[in-house]
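Structure below is my_file22.csv: CSV, C-alpha atoms.
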```
chain,number,residue,atom,x,y,z
Y,137,MET,CA,-7.6,-12.7,9.7
Y,138,GLN,CA,-7.1,-13.3,13.4
Y,139,PRO,CA,-4.5,-10.6,13.8
Y,140,LEU,CA,-6.7,-8.1,12.0
Y,141,ILE,CA,-9.6,-8.9,14.3
Y,142,ALA,CA,-7.3,-8.5,17.3
Y,143,GLN,CA,-6.2,-5.1,15.9
Y,144,VAL,CA,-9.7,-3.9,15.4
Y,145,ILE,CA,-10.6,-5.0,19.0
Y,146,LEU,CA,-7.5,-3.4,20.3
Y,147,ILE,CA,-8.1,0.1,19.0
Y,148,GLY,CA,-11.9,-0.1,18.7
Y,149,ALA,CA,-11.8,1.2,15.2
Y,150,PRO,CA,-14.8,0.2,13.0
Y,151,MET,CA,-12.7,-1.3,10.3
Y,152,THR,CA,-13.0,-4.6,8.5
Y,153,SER,CA,-10.9,-6.4,6.0
Y,154,GLU,CA,-13.2,-4.9,3.3
Y,155,THR,CA,-12.6,-1.3,4.4
Y,156,LEU,CA,-8.9,-1.5,5.1
Y,157,GLU,CA,-6.5,-3.7,3.3
Y,158,VAL,CA,-3.8,-4.7,5.7
Y,159,PRO,CA,-0.4,-5.1,3.9
Y,160,ARG,CA,0.9,-8.6,3.6
Y,161,THR,CA,3.5,-9.8,6.0
Y,162,THR,CA,4.8,-12.6,3.9
Y,163,PRO,CA,6.1,-12.5,0.4
Y,164,ARG,CA,3.7,-13.4,-2.4
Y,165,ARG,CA,5.0,-16.1,-4.7
Y,166,ARG,CA,4.2,-15.3,-8.2
Y,167,GLY,CA,4.1,-18.0,-10.9
Y,168,SER,CA,6.8,-17.9,-13.5
Y,169,SER,CA,4.1,-17.8,-16.2
Y,170,ASP,CA,4.9,-14.3,-17.3
Y,171,SER,CA,3.4,-14.3,-20.7
Y,172,ILE,CA,4.3,-10.7,-21.4
Y,173,GLY,CA,7.7,-10.1,-22.9
Y,174,THR,CA,9.6,-6.8,-22.1
Y,175,VAL,CA,10.7,-4.7,-25.1
Y,176,THR,CA,13.6,-2.3,-24.9
Y,177,GLY,CA,14.7,0.5,-27.2
Y,178,SER,CA,17.1,-1.9,-28.9
Y,179,THR,CA,14.6,-4.7,-29.5
Y,180,PHE,CA,11.5,-2.6,-30.3
Y,181,SER,CA,12.2,-2.4,-34.0
Y,182,SER,CA,12.7,-6.1,-34.5
Y,183,LEU,CA,9.9,-7.3,-32.1
Y,184,ILE,CA,7.3,-4.7,-32.9
Y,185,LEU,CA,7.9,-2.7,-36.0
Y,186,GLU,CA,9.2,-5.4,-38.2
Y,187,ALA,CA,6.9,-8.1,-36.8
Y,188,GLU,CA,3.9,-9.4,-38.6
Y,189,GLY,CA,0.4,-9.6,-37.2
Y,190,PRO,CA,-1.4,-7.8,-34.3
Y,191,ILE,CA,0.7,-6.7,-31.4
Y,192,ALA,CA,-0.3,-4.7,-28.3
Y,193,VAL,CA,2.4,-2.9,-26.3
Y,194,GLU,CA,1.7,-1.7,-22.8
Y,195,PHE,CA,3.8,1.3,-21.8
Y,196,MET,CA,4.0,1.0,-18.1
Y,197,SER,CA,6.1,1.6,-15.0
Y,198,TYR,CA,6.7,-0.6,-12.0
Y,199,GLY,CA,6.1,2.4,-9.7
Y,200,CYS,CA,2.7,3.2,-11.2
Y,201,ALA,CA,-0.2,2.2,-9.0
Y,202,HIS,CA,-2.6,1.9,-12.0
Y,203,CYS,CA,-0.1,-0.4,-13.8
Y,204,ARG,CA,0.1,-2.5,-10.7
Y,205,ALA,CA,-3.7,-2.8,-10.7
Y,206,LEU,CA,-3.6,-3.7,-14.4
Y,207,GLU,CA,-0.8,-6.2,-14.2
Y,208,PRO,CA,-2.7,-9.3,-13.1
Y,209,VAL,CA,-5.5,-8.4,-15.6
Y,210,ILE,CA,-3.2,-8.0,-18.5
Y,211,GLU,CA,-1.4,-11.2,-17.7
Y,212,LYS,CA,-4.8,-13.0,-17.9
Y,213,VAL,CA,-5.6,-11.2,-21.1
Y,214,ALA,CA,-2.3,-12.1,-22.6
Y,215,GLU,CA,-3.1,-15.8,-21.9
Y,216,THR,CA,-6.6,-15.5,-23.3
Y,217,VAL,CA,-5.7,-13.7,-26.6
Y,218,LYS,CA,-2.3,-15.2,-27.2
Y,219,SER,CA,-3.4,-17.0,-30.4
Y,220,ARG,CA,-4.7,-13.7,-31.8
Y,221,VAL,CA,-2.6,-10.8,-30.3
Y,222,LYS,CA,0.9,-10.8,-28.9
Y,223,ILE,CA,1.3,-8.5,-25.9
Y,224,PHE,CA,4.6,-6.8,-24.8
Y,225,ARG,CA,5.5,-4.2,-22.2
Y,226,VAL,CA,7.8,-1.2,-22.3
Y,227,ASN,CA,9.1,0.2,-19.0
Y,228,THR,CA,8.7,4.0,-19.5
Y,229,ALA,CA,11.0,4.7,-16.5
Y,230,VAL,CA,13.9,3.0,-18.4
Y,231,GLU,CA,12.9,3.6,-22.0
Y,232,GLU,CA,12.3,7.4,-21.9
Y,233,GLU,CA,13.4,8.0,-25.5
Y,234,LEU,CA,11.1,5.3,-26.8
Y,235,SER,CA,8.2,6.7,-24.7
Y,236,ASP,CA,8.8,10.2,-25.9
Y,237,SER,CA,8.9,9.0,-29.5
Y,238,TYR,CA,5.4,7.6,-29.1
Y,239,GLU,CA,4.2,10.6,-27.1
Y,240,ILE,CA,3.3,8.7,-24.0
Y,241,LEU,CA,1.7,11.1,-21.6
Y,242,GLY,CA,1.2,8.6,-18.8
Y,243,THR,CA,0.9,5.0,-17.8
Y,244,PRO,CA,-0.5,2.5,-18.5
Y,245,THR,CA,-0.9,3.2,-22.2
Y,246,LEU,CA,-1.7,0.4,-24.6
Y,247,ILE,CA,-0.7,0.9,-28.2
Y,248,MET,CA,-1.9,-1.6,-30.8
Y,249,PHE,CA,0.3,-2.3,-33.8
Y,250,LEU,CA,-0.6,-4.1,-37.0
Y,251,ASN,CA,2.3,-5.1,-39.2
Y,252,GLY,CA,4.4,-2.4,-37.5
Y,253,ARG,CA,1.9,0.4,-37.9
Y,254,GLU,CA,0.0,2.0,-34.9
Y,255,VAL,CA,-3.7,1.2,-35.3
Y,256,GLY,CA,-5.1,2.1,-31.9
Y,257,ARG,CA,-4.3,3.5,-28.5
Y,258,VAL,CA,-5.9,3.3,-25.1
Y,259,GLU,CA,-4.8,5.4,-22.1
Y,260,GLY,CA,-5.6,4.1,-18.6
Y,261,PRO,CA,-7.9,1.1,-19.5
Y,262,HIS,CA,-10.3,0.0,-16.8
Y,263,PRO,CA,-8.5,-2.8,-15.0
Y,264,THR,CA,-11.0,-5.6,-15.9
Y,265,VAL,CA,-10.4,-8.5,-18.2
Y,266,SER,CA,-13.4,-7.6,-20.5
Y,267,SER,CA,-12.3,-4.0,-21.0
Y,268,VAL,CA,-8.7,-4.9,-21.7
Y,269,VAL,CA,-9.6,-7.6,-24.1
Y,270,THR,CA,-11.8,-5.1,-25.9
Y,271,ALA,CA,-8.9,-2.6,-25.9
Y,272,VAL,CA,-6.4,-5.0,-27.4
Y,273,THR,CA,-8.6,-6.7,-29.9
Y,274,GLN,CA,-11.0,-4.0,-31.2
Y,275,PRO,CA,-8.5,-2.0,-33.3
Y,276,PHE,CA,-7.7,-5.2,-35.3
Y,277,GLU,CA,-11.3,-5.9,-36.1
Y,278,SER,CA,-12.1,-2.8,-38.1
P,1205,MET,CA,20.4,0.4,-9.0
P,1206,SER,CA,23.8,1.2,-7.3
P,1207,GLN,CA,26.1,-1.7,-6.5
P,1208,LEU,CA,27.0,-2.3,-2.9
P,1209,PRO,CA,30.0,-4.3,-1.7
P,1210,GLU,CA,28.9,-7.9,-1.3
P,1211,ILE,CA,30.1,-8.1,2.3
P,1212,GLN,CA,28.0,-5.1,3.3
P,1213,ARG,CA,25.0,-6.7,1.6
P,1214,GLN,CA,25.5,-9.9,3.6
P,1215,THR,CA,25.9,-8.3,7.0
P,1216,THR,CA,23.5,-5.4,6.9
P,1217,PRO,CA,19.7,-5.4,6.5
P,1218,ILE,CA,18.5,-3.7,3.2
P,1219,LEU,CA,15.5,-1.5,3.4
P,1220,LEU,CA,13.7,-1.1,0.1
P,1221,PHE,CA,11.4,1.9,-0.4
P,1222,ASN,CA,9.2,3.5,-3.1
P,1223,ASP,CA,11.4,6.3,-4.4
P,1224,GLU,CA,8.5,7.7,-6.4
P,1225,CYS,CA,6.4,8.4,-3.2
P,1226,ALA,CA,7.2,11.7,-1.4
P,1227,VAL,CA,6.2,10.3,2.0
P,1228,CYS,CA,8.3,7.1,1.5
P,1229,ARG,CA,11.2,9.2,0.3
P,1230,ARG,CA,11.1,11.5,3.3
P,1231,ILE,CA,10.9,8.5,5.7
P,1232,GLY,CA,13.8,6.9,3.7
P,1233,HIS,CA,16.0,10.0,4.2
P,1234,TRP,CA,15.3,10.0,7.9
P,1235,VAL,CA,16.1,6.3,8.3
P,1236,GLN,CA,19.3,6.7,6.2
P,1237,ARG,CA,20.4,9.6,8.4
P,1238,SER,CA,19.5,7.8,11.6
P,1239,ALA,CA,21.2,4.6,10.6
P,1240,GLN,CA,24.5,6.3,10.1
P,1241,SER,CA,26.9,6.5,13.0
P,1242,ASN,CA,29.5,9.2,13.5
P,1243,SER,CA,32.2,6.9,12.3
P,1244,GLY,CA,30.4,6.4,9.0
P,1245,GLU,CA,29.2,2.9,9.7
P,1246,THR,CA,25.6,2.2,8.9
P,1247,SER,CA,23.2,-0.3,10.6
P,1248,LEU,CA,20.8,-0.4,7.6
P,1249,ILE,CA,21.3,-0.1,3.8
P,1250,VAL,CA,18.5,2.2,2.5
P,1251,GLN,CA,17.9,1.5,-1.2
P,1252,PRO,CA,15.3,2.7,-3.7
P,1253,ILE,CA,13.3,-0.1,-5.4
P,1254,GLY,CA,14.3,1.1,-8.9
P,1255,ASP,CA,13.0,-0.2,-12.2
P,1256,ASP,CA,14.8,-3.5,-12.7
P,1257,PRO,CA,13.0,-6.7,-11.6
P,1258,ALA,CA,16.1,-8.7,-12.3
P,1259,ALA,CA,18.2,-6.6,-9.9
P,1260,LEU,CA,15.7,-7.2,-7.2
P,1261,LEU,CA,15.6,-10.9,-7.8
P,1262,ALA,CA,19.4,-10.9,-7.5
P,1263,LEU,CA,18.9,-9.4,-4.0
P,1264,HIS,CA,16.4,-12.1,-3.0
P,1265,PRO,CA,14.8,-14.9,-5.1
P,1266,ASP,CA,11.3,-14.2,-3.7
P,1267,LEU,CA,11.4,-10.5,-4.2
P,1268,ASP,CA,8.9,-9.3,-6.8
P,1269,ILE,CA,9.1,-5.7,-8.0
P,1270,TRP,CA,5.3,-5.2,-8.0
P,1271,ASP,CA,5.2,-6.4,-4.3
P,1272,ALA,CA,8.1,-4.2,-3.4
P,1273,TYR,CA,6.2,-1.1,-4.6
P,1274,GLU,CA,3.1,-2.2,-2.8
P,1275,THR,CA,4.5,-2.6,0.7
P,1276,ILE,CA,7.8,-1.9,2.6
P,1277,HIS,CA,10.3,-4.7,2.4
P,1278,LEU,CA,13.3,-5.3,4.6
P,1279,LEU,CA,15.9,-7.9,3.5
P,1280,MET,CA,17.6,-9.5,6.4
P,1281,PRO,CA,21.2,-10.7,6.3
P,1282,ASP,CA,20.1,-14.3,7.1
P,1283,GLY,CA,18.1,-14.4,3.8
P,1284,SER,CA,14.7,-13.8,5.4
P,1285,MET,CA,12.4,-11.0,4.3
P,1286,LYS,CA,10.2,-8.8,6.6
P,1287,LEU,CA,7.3,-6.9,5.2
P,1288,GLY,CA,4.9,-4.1,6.4
P,1289,GLY,CA,4.7,-3.5,10.1
P,1290,GLU,CA,7.2,-6.2,10.9
P,1291,ALA,CA,9.7,-4.5,8.6
P,1292,VAL,CA,9.1,-1.2,10.4
P,1293,ALA,CA,9.6,-2.8,13.8
P,1294,GLU,CA,12.9,-4.3,12.6
P,1295,VAL,CA,14.0,-1.0,11.2
P,1296,LEU,CA,13.2,0.7,14.6
P,1297,ARG,CA,15.2,-2.0,16.4
P,1298,SER,CA,18.2,-1.4,14.1
P,1299,LEU,CA,18.3,2.4,14.5
P,1300,PRO,CA,20.5,3.7,17.4
P,1301,ASN,CA,18.0,6.4,18.4
P,1302,THR,CA,14.9,4.2,18.4
P,1303,LYS,CA,16.0,0.7,19.5
P,1304,TRP,CA,15.4,1.7,23.2
P,1305,PHE,CA,11.6,1.5,22.7
P,1306,ALA,CA,11.5,-0.9,19.7
P,1307,GLY,CA,11.8,-3.9,22.1
P,1308,CYS,CA,8.1,-3.4,23.0
P,1309,PHE,CA,7.1,-4.8,19.7
P,1310,ALA,CA,8.2,-8.2,20.9
P,1311,VAL,CA,6.0,-8.1,24.0
P,1312,SER,CA,3.5,-10.9,24.0
P,1313,ILE,CA,0.3,-11.0,26.1
P,1314,PHE,CA,-1.6,-14.3,25.9
P,1315,GLY,CA,0.0,-15.1,22.5
P,1316,PHE,CA,-0.9,-11.7,21.1
P,1317,HIS,CA,1.7,-9.0,20.3
P,1318,PRO,CA,-0.4,-5.8,21.1
P,1319,PHE,CA,2.3,-3.3,20.2
P,1320,GLN,CA,3.3,-5.1,17.0
P,1321,MET,CA,-0.4,-5.4,16.0
P,1322,THR,CA,-0.9,-1.7,16.6
P,1323,LEU,CA,2.2,-1.0,14.5
P,1324,ASN,CA,0.9,-3.2,11.7
P,1325,LEU,CA,-2.4,-1.4,11.7
P,1326,SER,CA,-0.7,2.0,11.8
P,1327,TYR,CA,1.5,1.0,8.9
P,1328,ALA,CA,-1.6,-0.2,7.0
P,1329,ILE,CA,-3.3,3.2,7.6
P,1330,LEU,CA,-0.2,5.2,6.7
P,1331,ALA,CA,0.2,3.1,3.5
P,1332,ASP,CA,-3.4,3.8,2.6
P,1333,VAL,CA,-3.3,7.5,3.2
P,1334,ARG,CA,-0.1,8.2,1.3
P,1335,PRO,CA,-2.0,9.3,-1.8
P,1336,LEU,CA,-3.5,12.2,0.2
P,1337,PHE,CA,0.0,13.6,0.5
P,1338,GLY,CA,0.4,13.6,-3.3
P,1339,CYS,CA,1.7,10.1,-4.0
P,1340,GLU,CA,0.3,8.8,-7.3
P,1341,SER,CA,2.6,5.9,-7.2
P,1342,CYS,CA,1.0,4.2,-4.1
P,1343,GLY,CA,-2.5,3.9,-5.4
P,1344,THR,CA,-5.7,4.8,-3.6
P,1345,PRO,CA,-7.7,2.2,-1.8
P,1346,GLY,CA,-11.4,2.1,-2.3
P,1347,TRP,CA,-12.3,3.4,1.2
P,1348,LEU,CA,-10.2,6.5,0.7
P,1349,ARG,CA,-11.3,7.4,-2.9
P,1350,PRO,CA,-13.9,10.0,-1.9
P,1351,ILE,CA,-11.5,11.8,0.4
P,1352,ALA,CA,-8.7,11.6,-2.2
P,1353,SER,CA,-11.0,13.1,-4.8
P,1354,ILE,CA,-11.9,16.0,-2.5
P,1355,THR,CA,-8.2,16.5,-1.7
P,1356,LYS,CA,-7.3,16.5,-5.4
P,1357,TRP,CA,-10.1,19.0,-6.2
P,1358,ALA,CA,-9.0,21.3,-3.3
P,1359,LYS,CA,-5.4,21.2,-4.6
P,1360,GLY,CA,-6.6,22.3,-8.0
P,1361,VAL,CA,-8.8,25.1,-6.5
P,1362,PHE,CA,-6.1,26.4,-4.2
P,1363,GLY,CA,-3.4,26.6,-6.9
P,1364,GLU,CA,-1.2,23.6,-6.2
P,1365,ASN,CA,0.1,21.8,-9.3
P,1366,HIS,CA,-2.7,19.7,-10.6
P,1367,HIS,CA,-2.1,17.2,-13.3
P,1368,SER,CA,-5.4,16.1,-14.7
P,1369,SER,CA,-5.7,12.5,-16.0
P,1370,PRO,CA,-7.9,11.6,-18.9
P,1371,THR,CA,-9.2,8.6,-17.0
P,1372,PRO,CA,-9.2,7.6,-13.4
P,1373,HIS,CA,-6.9,4.6,-14.2
P,1374,PHE,CA,-4.0,6.7,-15.6
P,1375,THR,CA,-0.9,8.1,-14.0
P,1376,SER,CA,0.4,11.2,-15.8
P,1377,LEU,CA,4.1,11.1,-16.5
P,1378,ALA,CA,4.3,14.8,-15.7
P,1379,ALA,CA,2.9,14.1,-12.2
P,1380,ARG,CA,5.7,11.8,-11.4
P,1381,ARG,CA,8.6,13.7,-9.9
P,1382,VAL,CA,11.4,11.2,-9.3
P,1383,ARG,CA,14.0,12.3,-6.8
P,1384,PRO,CA,16.0,9.2,-6.2
P,1385,LEU,CA,17.6,8.7,-2.8
P,1386,PRO,CA,21.2,7.6,-2.9
P,1387,VAL,CA,22.2,4.3,-1.5
P,1388,SER,CA,23.4,4.3,2.2
P,1389,GLY,CA,26.8,5.8,2.6
P,1390,GLU,CA,26.1,8.7,0.2
P,1391,LEU,CA,23.9,11.1,2.2
P,1392,PRO,CA,21.8,13.5,0.1
P,1393,PRO,CA,23.2,17.0,-0.1
P,1394,GLN,CA,20.5,18.5,2.3
P,1395,ALA,CA,21.2,15.8,4.8
P,1396,ARG,CA,24.9,16.6,5.1
P,1397,HIS,CA,24.0,20.0,6.6
P,1398,ILE,CA,21.8,18.6,9.3
```

As structure tokens, please, write out the structure in this file.
Amino acid sequence: MQPLIAQVILIGAPMTSETLEVPRTTPRRRGSSDSIGTVTGSTFSSLILEAEGPIAVEFMSYGCAHCRALEPVIEKVAETVKSRVKIFRVNTAVEEELSDSYEILGTPTLIMFLNGREVGRVEGPHPTVSSVVTAVTQPFES
Amino acid sequence: MSQLPEIQRQTTPILLFNDECAVCRRIGHWVQRSAQSNSGETSLIVQPIGDDPAALLALHPDLDIWDAYETIHLLMPDGSMKLGGEAVAEVLRSLPNTKWFAGCFAVSIFGFHPFQMTLNLSYAILADVRPLFGCESCGTPGWLRPIASITKWAKGVFGENHHSSPTPHFTSLAARRVRPLPVSGELPPQARHI
């Protein structure tokens, strides 16, 4: 915070930490609790289509800002709903064929599968825990 | 991600940049050209972040792919990592045509580094305004959203390619034009004529 205050004083700009997010200068250490597995074209069939029970697949890309905003939210949701729904991710930048086969128009897109069959789809969910929980559980309730 | 000789990795800083952002790509091209001497040696390896989290972890155990897309990262040969404005200062110190003035970033006045602080703030502003130049990959901070919406609307009105998204939290795949920058040592075709 001190450097930010100094910067604001220095240039006289009316900015605060709320209005301008200063990029970090130290690496952020993430926990190793990545509860979302990554699915590839070669594992999609066995992990999603042939699997039993509710599964949500997030089609995402690491270079997508909206996926970046959703990532901590979906990690939390995966922990919350892990007894009911398994969540996986597909990297659309790498798995183009798989993305094309599911007609993915953009990222993030959540597709819900029940016993290998698509039962719901949400494009660009609002990055809040409640809306993502609703998105990944509602298709299985009807 | 292209493989570089291990020795080159260990002795030359590696600059990672967002290859899905037009502004970052342009700056990356400039750094790559500037880092290359006439004899072909390079003072910096310029490398796109790519899509493989494991490949980035192989470069540095603390390097997270989400973080890498969020802010500029420079991996130093001693194993340290510089981010944001500090990375920019280090890059400027490494380039033959900018190192003459880059020393000012180390100037300290009563414990403050005014030039480095100004650079940090400038980087923060540039990082925030990148979406105004058409980068969907960088994200739009809250304070910039009204201006970004007007810019997007104006682009639509005045005929630039406009890819509408069904929700505000969605990046259209059609809008992402990926033109990867080759790793240092292989200049892009347009750069060879400059």

Quiz prompt | Nearby residues, (1.5, -7.5, -29.1) file frame, 8 Å, only C-alpha atoms, as a VMD selection string | solution = chain Y and resid 184 190 to 193 221 to 224 248 to 249

Near-range 1238-1245 of chain P list (8 Å; only C-alpha atoms; drop same-chain fewer than 3 positions) as a PDB file with C-alpha atoms, keeping the file's coordinate frame:
```pdb
ATOM      1  CA  TRP P1234      15.300  10.000   7.900  1.00  0.00           C
ATOM      2  CA  VAL P1235      16.100   6.300   8.300  1.00  0.00           C
ATOM      3  CA  LEU P1248      20.800  -0.400   7.600  1.00  0.00           C
ATOM      4  CA  SER P1298      18.200  -1.400  14.100  1.00  0.00           C
ATOM      5  CA  LEU P1299      18.300   2.400  14.500  1.00  0.00           C
ATOM      6  CA  PRO P1300      20.500   3.700  17.400  1.00  0.00           C
ATOM      7  CA  ASN P1301      18.000   6.400  18.400  1.00  0.00           C
ATOM      8  CA  GLY P1389      26.800   5.800   2.600  1.00  0.00           C
TER       9      GLY P1389
END
```

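Nearest-residue note for chain Y: choosing from P:Leu1377, P:Val1250, P:Cys1225, P:Val1292, the minimum distance belongs to P:Leu1377, counting all atoms listed in the file.
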
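Among P:Arg1230, P:His1264, P:Arg1237, P:Arg1334, the residue with the shortest atom-to-atom distance to Gln1214 in chain P, counting all atoms listed in the file, is P:His1264.
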
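Using all atoms listed in the file, the smallest distance between any of P:His1373, P:Gln1251, P:Pro1281, P:Leu1336 and Arg204 in chain Y comes from P:His1373.
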
Quiz prompt | Atom-to-atom span, CA of Cys200 in chain Y and CA of Tyr1327 in chain P, Å | solution = 20.3 Å

Practice problem: Could you check how far CA of Gly199 in chain Y sits from CA of Ala1272 in chain P, in Å to one decimal? | Solution: 9.3 Å

Exercise. List the residues sitting within 9 Å of (10.4, -9.2, 4.5) in the file's frame, using only C-alpha atoms, as a ChimeraX atom specification.
Key: /Y:161-163 /P:1267,1276-1280,1284-1288,1290-1291

Restricting the output to C-alpha atoms, write the selected residues as a PDB file, keeping the file's coordinate frame.
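The new file again17.pdb reads:
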```pdb
ATOM      1  CA  THR Y 161       3.500  -9.800   6.000  1.00  0.00           C
ATOM      2  CA  THR Y 162       4.800 -12.600   3.900  1.00  0.00           C
ATOM      3  CA  PRO Y 163       6.100 -12.500   0.400  1.00  0.00           C
TER       4      PRO Y 163
ATOM      5  CA  LEU P1267      11.400 -10.500  -4.200  1.00  0.00           C
ATOM      6  CA  ILE P1276       7.800  -1.900   2.600  1.00  0.00           C
ATOM      7  CA  HIS P1277      10.300  -4.700   2.400  1.00  0.00           C
ATOM      8  CA  LEU P1278      13.300  -5.300   4.600  1.00  0.00           C
ATOM      9  CA  LEU P1279      15.900  -7.900   3.500  1.00  0.00           C
ATOM     10  CA  MET P1280      17.600  -9.500   6.400  1.00  0.00           C
ATOM     11  CA  SER P1284      14.700 -13.800   5.400  1.00  0.00           C
ATOM     12  CA  MET P1285      12.400 -11.000   4.300  1.00  0.00           C
ATOM     13  CA  LYS P1286      10.200  -8.800   6.600  1.00  0.00           C
ATOM     14  CA  LEU P1287       7.300  -6.900   5.200  1.00  0.00           C
ATOM     15  CA  GLY P1288       4.900  -4.100   6.400  1.00  0.00           C
ATOM     16  CA  GLU P1290       7.200  -6.200  10.900  1.00  0.00           C
ATOM     17  CA  ALA P1291       9.700  -4.500   8.600  1.00  0.00           C
TER      18      ALA P1291
END
```

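With all atoms listed in the file as the basis for measurement, Y:Thr243 is the residue among Y:Gln274, Y:Ser267, Y:Thr243, Y:Thr179 that approaches chain P most closely.
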
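When all atoms listed in the file are used to measure the gap to chain P, the shortest distance among Y:Glu254, Y:Glu186, Y:Glu215, Y:Glu259 belongs to Y:Glu259.
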
Shell around Leu1260 in chain P at 12 Å using all atoms listed in the file, local window under 5 positions removed, as an mmCIF file with C-alpha atoms, keeping the file's coordinate frame:
```cif
data_model
loop_
_atom_site.group_PDB
_atom_site.id
_atom_site.type_symbol
_atom_site.label_atom_id
_atom_site.label_comp_id
_atom_site.auth_asym_id
_atom_site.auth_seq_id
_atom_site.Cartn_x
_atom_site.Cartn_y
_atom_site.Cartn_z
ATOM 1 C CA MET P 1205 20.400 0.400 -9.000
ATOM 2 C CA SER P 1206 23.800 1.200 -7.300
ATOM 3 C CA GLN P 1207 26.100 -1.700 -6.500
ATOM 4 C CA ILE P 1218 18.500 -3.700 3.200
ATOM 5 C CA LEU P 1220 13.700 -1.100 0.100
ATOM 6 C CA GLN P 1251 17.900 1.500 -1.200
ATOM 7 C CA PRO P 1252 15.300 2.700 -3.700
ATOM 8 C CA ILE P 1253 13.300 -0.100 -5.400
ATOM 9 C CA GLY P 1254 14.300 1.100 -8.900
ATOM 10 C CA ASP P 1255 13.000 -0.200 -12.200
ATOM 11 C CA PRO P 1265 14.800 -14.900 -5.100
ATOM 12 C CA ASP P 1266 11.300 -14.200 -3.700
ATOM 13 C CA LEU P 1267 11.400 -10.500 -4.200
ATOM 14 C CA ASP P 1268 8.900 -9.300 -6.800
ATOM 15 C CA ILE P 1269 9.100 -5.700 -8.000
ATOM 16 C CA TRP P 1270 5.300 -5.200 -8.000
ATOM 17 C CA ASP P 1271 5.200 -6.400 -4.300
ATOM 18 C CA ALA P 1272 8.100 -4.200 -3.400
ATOM 19 C CA TYR P 1273 6.200 -1.100 -4.600
ATOM 20 C CA HIS P 1277 10.300 -4.700 2.400
ATOM 21 C CA LEU P 1279 15.900 -7.900 3.500
#
```

Quiz item: How many Å lie between CA of Phe1337 in chain P and CA of Val1227 in chain P, rounded to one decimal?
Solution: 7.2 Å

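Counting all atoms listed in the file, the residue from P:Pro1217, P:Pro1257, P:Gly1307, P:Gly1232 that sits nearest to chain Y is P:Pro1257.
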
Spatial neighbours of Thr273 in chain Y, 12 Å, only C-alpha atoms, chain gap at least 4 places, as a PDB file with C-alpha atoms, in the frame of the given file:
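Ended up saving to part_27.pdb:
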```
ATOM      1  CA  GLY Y 189       0.400  -9.600 -37.200  1.00  0.00           C
ATOM      2  CA  PRO Y 190      -1.400  -7.800 -34.300  1.00  0.00           C
ATOM      3  CA  ILE Y 191       0.700  -6.700 -31.400  1.00  0.00           C
ATOM      4  CA  ALA Y 192      -0.300  -4.700 -28.300  1.00  0.00           C
ATOM      5  CA  VAL Y 213      -5.600 -11.200 -21.100  1.00  0.00           C
ATOM      6  CA  ALA Y 214      -2.300 -12.100 -22.600  1.00  0.00           C
ATOM      7  CA  THR Y 216      -6.600 -15.500 -23.300  1.00  0.00           C
ATOM      8  CA  VAL Y 217      -5.700 -13.700 -26.600  1.00  0.00           C
ATOM      9  CA  LYS Y 218      -2.300 -15.200 -27.200  1.00  0.00           C
ATOM     10  CA  SER Y 219      -3.400 -17.000 -30.400  1.00  0.00           C
ATOM     11  CA  ARG Y 220      -4.700 -13.700 -31.800  1.00  0.00           C
ATOM     12  CA  VAL Y 221      -2.600 -10.800 -30.300  1.00  0.00           C
ATOM     13  CA  LYS Y 222       0.900 -10.800 -28.900  1.00  0.00           C
ATOM     14  CA  ILE Y 223       1.300  -8.500 -25.900  1.00  0.00           C
ATOM     15  CA  LEU Y 246      -1.700   0.400 -24.600  1.00  0.00           C
ATOM     16  CA  ILE Y 247      -0.700   0.900 -28.200  1.00  0.00           C
ATOM     17  CA  MET Y 248      -1.900  -1.600 -30.800  1.00  0.00           C
ATOM     18  CA  PHE Y 249       0.300  -2.300 -33.800  1.00  0.00           C
ATOM     19  CA  LEU Y 250      -0.600  -4.100 -37.000  1.00  0.00           C
ATOM     20  CA  VAL Y 255      -3.700   1.200 -35.300  1.00  0.00           C
ATOM     21  CA  GLY Y 256      -5.100   2.100 -31.900  1.00  0.00           C
ATOM     22  CA  ARG Y 257      -4.300   3.500 -28.500  1.00  0.00           C
ATOM     23  CA  VAL Y 258      -5.900   3.300 -25.100  1.00  0.00           C
ATOM     24  CA  VAL Y 265     -10.400  -8.500 -18.200  1.00  0.00           C
ATOM     25  CA  SER Y 266     -13.400  -7.600 -20.500  1.00  0.00           C
ATOM     26  CA  SER Y 267     -12.300  -4.000 -21.000  1.00  0.00           C
ATOM     27  CA  VAL Y 268      -8.700  -4.900 -21.700  1.00  0.00           C
ATOM     28  CA  VAL Y 269      -9.600  -7.600 -24.100  1.00  0.00           C
ATOM     29  CA  GLU Y 277     -11.300  -5.900 -36.100  1.00  0.00           C
ATOM     30  CA  SER Y 278     -12.100  -2.800 -38.100  1.00  0.00           C
TER      31      SER Y 278
END
```
